[in-house]
Amino acid sequence: MSGITTSGEKKLRLFSGRAHTELAGEVARELGTELVPTKALDFANGEIYVRFLDSARGADCFVIQSHTAPINQWIMEQLIMIDALKRASARSITAILPFYGYARQDKKHLGREPISARLVADLLRTAGADRLMAVDLHTAQIQGFFDGPVDHLFALPMLADYVGDKVDRAKLTIVSPDAGRVKVADQWCDRLDAPLAIIHKRRDMTRANTILSAEVVGDVKDRVCVLVDDMIDTAGTICAAADALFDNGAADVIVAATHGVLSGPASDRLKNSRVSEFVFTNTLPTPAQLQLDKVTTLSIAPSIAAAIREVFEDGSVTSLFEGVH
């Protein structure tokens with residue numbers, strides 16, 4: 001008989017960058033394991049150094065890093081971690097991006113613009129990632145930017161069930177903040193058996209986070225409106241949408257979004273908004289100044305851990321999110 005036969009079992013190793021260690025720790029606990037000890041430091045000139053203190057040879061390695069601020073530093077750190085694992089003879093490398101940096105730059109709006117979301121995918125692949133796992137990508141087409149398997153996880157079931165358990169569903173109206181979110185809002189409507197309304201926004205494409213006008217399409221008078229979105233950055237557009245709903249007679253407004261980016265003036269806008277509750281997941285860390293009574297954070301760790309387990313055991317990630325596409 002030629003060759004060598006081994007009875008070795010598969011090994012799962014979970015690695016975390018420094019961007020959001022709280023979430024990574026929760027995922028590890030859900031899996032019943034521990035994060036691989038890692039030495040990571042910054043040189044005086046800003047270069048990043050990473051070394052893993054446990055073997056990765058022959059292991060299925062999962063590298064979790066949420067692209068929070070300073071976003072470029074944490075993307076680079078994840079690339080370096082993936083490169084280190086490739087050179088350490090990992091069996092497979094899955095890059096887990098609870099929040100995918102540059103996802104909003106997924107197409108050209110004007111001439112001579114980059115498609116930065118594609119660039120990030122190319123960098124991850126070149127570094128050595130075999131697979132991507134991300135939560136609520138800004139657009140589904142980003143899955144096609146990566147030359148390999150992509151597991152697209154959804155926060156919708158968790159967010160919708162939380163809102164549905166708090167509010168009288170007979171009074172609910174789901175509101176899409178723009179035309180691009182209508183499909184997702186429809187899924188909310190199906191899950192909560194609620195009608196749909198849409199905010200028609202006109203944007204200034206030459207200025208980020210700026211809208212020129214917002215008009216409500218649909219009946220929201222005396223309704224509890226749930227504004228659903230994938231991310232909230234400076235909170236200017238979502239607060240303007242909420243004001244438009246109140247101006248059209250809404251009884252209350254709840255905002256539900258997967259990613260609380262919450263940059264710049266977001267803190268003051270959330271505090272001063274008439275919105276009764278902002279519901280996010282912990283794909284990104286919540287700044288201390290935004291740990292308010294009206295801000296609720298739900299943990300995405302169980303969903304990520306379940307997806308990791310399915311990938312490791314050659315199961316079906318799709319089965320975790322039946323009915324959500």
# chains A, B, ... in the order shown; residues from 1 in each chain; ligands from 1
$ residues_around --residues "region 46-48 of chain A" --least-positions-apart "2" --cutoff "9 Å" --atoms "only C-alpha atoms" --output "JSON, numbers by chain"
{"A": [40, 41, 42, 43, 44, 50, 73, 76, 77, 80]}
$ write_last_selection --atoms "C-alpha atoms" --output "JSON list (two decimals), in the first residue's frame"
[["chain", "number", "residue", "atom", "x", "y", "z"],
["A", 40, "ALA", "CA", -0.07, 42.16, 18.32],
["A", 41, "LEU", "CA", 1.62, 45.53, 18.56],
["A", 42, "ASP", "CA", 2.24, 48.74, 16.63],
["A", 43, "PHE", "CA", 5.72, 49.97, 15.81],
["A", 44, "ALA", "CA", 6.53, 53.63, 16.31],
["A", 50, "VAL", "CA", 1.29, 40.01, 14.64],
["A", 73, "GLN", "CA", -5.69, 50.11, 10.65],
["A", 76, "MET", "CA", -4.57, 46.05, 7.52],
["A", 77, "GLU", "CA", -4.27, 44.09, 10.76],
["A", 80, "ILE", "CA", -1.53, 40.64, 8.16]]
$ residues_around --residues "Lys11 (chain A)" --least-positions-apart "5" --cutoff "12 Å" --atoms "only C-alpha atoms" --output "list in words"
Thr33, Ser55, Ala56, Arg57, Gly58, Ala59, Asp60, Cys61, Phe62, Ala90, Arg91, Ser92, Arg309, Phe312 and Glu313 of chain A
$ residues_around --residues "Val120 (chain A)" --least-positions-apart "6" --cutoff "10 Å" --atoms "only C-alpha atoms" --output "PyMOL selection string"
chain A and resi 75+79+100-103+126+145-146
$ residues_around --residues "region 20-28 of chain A" --least-positions-apart "6" --cutoff "7 Å" --atoms "only C-alpha atoms" --output "ChimeraX atom specification"
/A:34-35,64-66,284-285,301-302,304-305
$ residues_around --residues "Phe154 (chain A)" --least-positions-apart "4" --cutoff "9 Å" --atoms "only C-alpha atoms" --output "MDAnalysis selection string"
chainID A and resid 134:137 158 258 303 321 324:325
$ write_last_selection --atoms "all heavy atoms" --output "mmCIF file, in the first residue's frame"
data_model
loop_
_atom_site.group_PDB
_atom_site.id
_atom_site.type_symbol
_atom_site.label_atom_id
_atom_site.label_comp_id
_atom_site.auth_asym_id
_atom_site.auth_seq_id
_atom_site.Cartn_x
_atom_site.Cartn_y
_atom_site.Cartn_z
ATOM 1 N N ALA A 134 -19.686 37.493 6.406
ATOM 2 C CA ALA A 134 -20.020 38.874 6.735
ATOM 3 C C ALA A 134 -21.476 38.972 7.155
ATOM 4 O O ALA A 134 -22.299 38.126 6.791
ATOM 5 C CB ALA A 134 -19.749 39.789 5.541
ATOM 6 N N VAL A 135 -21.784 40.005 7.907
ATOM 7 C CA VAL A 135 -23.146 40.227 8.400
ATOM 8 C C VAL A 135 -23.754 41.412 7.664
ATOM 9 O O VAL A 135 -23.191 42.505 7.656
ATOM 10 C CB VAL A 135 -23.154 40.498 9.924
ATOM 11 C CG1 VAL A 135 -24.588 40.703 10.420
ATOM 12 C CG2 VAL A 135 -22.480 39.355 10.677
ATOM 13 N N ASP A 136 -24.910 41.187 7.052
ATOM 14 C CA ASP A 136 -25.688 42.246 6.384
ATOM 15 C C ASP A 136 -24.805 43.186 5.561
ATOM 16 O O ASP A 136 -24.594 44.352 5.908
ATOM 17 C CB ASP A 136 -26.495 43.043 7.420
ATOM 18 C CG ASP A 136 -27.774 42.321 7.810
ATOM 19 O OD1 ASP A 136 -28.211 41.428 7.064
ATOM 20 O OD2 ASP A 136 -28.335 42.639 8.874
ATOM 21 N N LEU A 137 -24.335 42.666 4.446
ATOM 22 C CA LEU A 137 -23.583 43.482 3.502
ATOM 23 C C LEU A 137 -24.464 44.616 2.992
ATOM 24 O O LEU A 137 -25.683 44.459 2.872
ATOM 25 C CB LEU A 137 -23.107 42.628 2.331
ATOM 26 C CG LEU A 137 -22.046 41.581 2.660
ATOM 27 C CD1 LEU A 137 -21.907 40.595 1.512
ATOM 28 C CD2 LEU A 137 -20.719 42.245 2.967
ATOM 29 N N MET A 158 -33.374 38.333 14.299
ATOM 30 C CA MET A 158 -33.181 38.764 15.679
ATOM 31 C C MET A 158 -33.779 40.150 15.922
ATOM 32 O O MET A 158 -34.495 40.375 16.909
ATOM 33 C CB MET A 158 -31.693 38.757 16.006
ATOM 34 C CG MET A 158 -31.335 39.258 17.385
ATOM 35 S SD MET A 158 -29.572 39.057 17.726
ATOM 36 C CE MET A 158 -28.875 40.073 16.416
ATOM 37 N N THR A 258 -28.559 47.030 11.642
ATOM 38 C CA THR A 258 -27.565 46.029 12.017
ATOM 39 C C THR A 258 -26.300 46.668 12.559
ATOM 40 O O THR A 258 -25.789 46.277 13.610
ATOM 41 C CB THR A 258 -27.214 45.148 10.803
ATOM 42 O OG1 THR A 258 -28.398 44.568 10.286
ATOM 43 C CG2 THR A 258 -26.245 44.047 11.196
ATOM 44 N N SER A 303 -25.308 34.035 16.181
ATOM 45 C CA SER A 303 -25.438 33.793 14.746
ATOM 46 C C SER A 303 -24.088 33.511 14.107
ATOM 47 O O SER A 303 -23.949 32.606 13.271
ATOM 48 C CB SER A 303 -26.100 34.994 14.057
ATOM 49 O OG SER A 303 -27.423 35.179 14.509
ATOM 50 N N PHE A 321 -30.813 30.737 8.011
ATOM 51 C CA PHE A 321 -31.543 31.957 7.668
ATOM 52 C C PHE A 321 -32.598 31.672 6.607
ATOM 53 O O PHE A 321 -32.760 32.426 5.645
ATOM 54 C CB PHE A 321 -30.572 33.026 7.152
ATOM 55 C CG PHE A 321 -29.481 33.350 8.148
ATOM 56 C CD1 PHE A 321 -28.226 32.782 7.999
ATOM 57 C CD2 PHE A 321 -29.714 34.198 9.208
ATOM 58 C CE1 PHE A 321 -27.214 33.062 8.914
ATOM 59 C CE2 PHE A 321 -28.710 34.490 10.116
ATOM 60 C CZ PHE A 321 -27.467 33.913 9.980
ATOM 61 N N VAL A 324 -34.817 34.342 4.534
ATOM 62 C CA VAL A 324 -34.151 35.638 4.482
ATOM 63 C C VAL A 324 -33.110 35.574 3.379
ATOM 64 O O VAL A 324 -32.199 34.760 3.408
ATOM 65 C CB VAL A 324 -33.448 35.973 5.826
ATOM 66 C CG1 VAL A 324 -32.809 37.342 5.756
ATOM 67 C CG2 VAL A 324 -34.451 35.913 6.964
ATOM 68 N N HIS A 325 -33.242 36.464 2.384
ATOM 69 C CA HIS A 325 -32.308 36.437 1.247
ATOM 70 C C HIS A 325 -31.867 37.859 0.914
ATOM 71 O O HIS A 325 -32.682 38.766 0.985
ATOM 72 C CB HIS A 325 -32.966 35.812 0.009
ATOM 73 C CG HIS A 325 -33.459 34.405 0.273
ATOM 74 N ND1 HIS A 325 -32.616 33.325 0.402
ATOM 75 C CD2 HIS A 325 -34.730 33.925 0.431
ATOM 76 C CE1 HIS A 325 -33.339 32.223 0.629
ATOM 77 N NE2 HIS A 325 -34.608 32.554 0.660
#
$ residues_around --residues "Arg181 (chain A)" --least-positions-apart "2" --cutoff "9 Å" --atoms "only C-alpha atoms" --output "list in words"
Ser176, Pro177, Asp178, Ala179, Lys183, Val184, Ala185, Asp186, Ile198, Val228, Asp229 and Asp230 of chain A
$ closest_residue --among "A:Ala214, A:Cys189, A:Ile96, A:Ala266" --to "Leu153 (chain A)" --atoms "only C-alpha atoms"
A:Ile96
$ closest_residue --among "A:Ala69, A:Ala84, A:Leu245, A:Leu270" --to "Leu53 (chain A)" --atoms "only C-alpha atoms"
A:Ala84
$ atom_distance --atom1 "CA of Pro98 (chain A)" --atom2 "CA of His138 (chain A)"
11.9 Å
$ atom_distance --atom1 "CA of Asp161 (chain A)" --atom2 "CA of Ala197 (chain A)"
19.4 Å
$ select_by_dssp --residues "region 113-285 of chain A" --states "strand (DSSP E)" --output "PyMOL selection string"
chain A and resi 131-135+150-153+172-176+196-203+211-217+224-232+252-260+277-281
$ select_by_dssp --residues "region 139-222 of chain A" --states "alpha helix (DSSP H)" --output "list in words"
Leu156, Pro157, Met158, Leu159, Ala160, Asp161, Tyr162, Val163, Gly164, Asp165, Lys166, Val182, Lys183, Val184, Ala185, Asp186, Gln187, Trp188, Cys189, Asp190, Arg191 and Leu192 of chain A
$ residues_around --residues "His259 (chain A)" --least-positions-apart "5" --cutoff "8 Å" --atoms "only C-alpha atoms" --output "ChimeraX atom specification"
/A:99,230-232,280-284
$ atom_distance --atom1 "CA of Asp151 (chain A)" --atom2 "CA of Leu132 (chain A)"
6.2 Å
$ closest_residue --among "A:Arg125, A:His200, A:Lys108, A:His152" --to "Gln78 (chain A)" --atoms "only C-alpha atoms"
A:Arg125
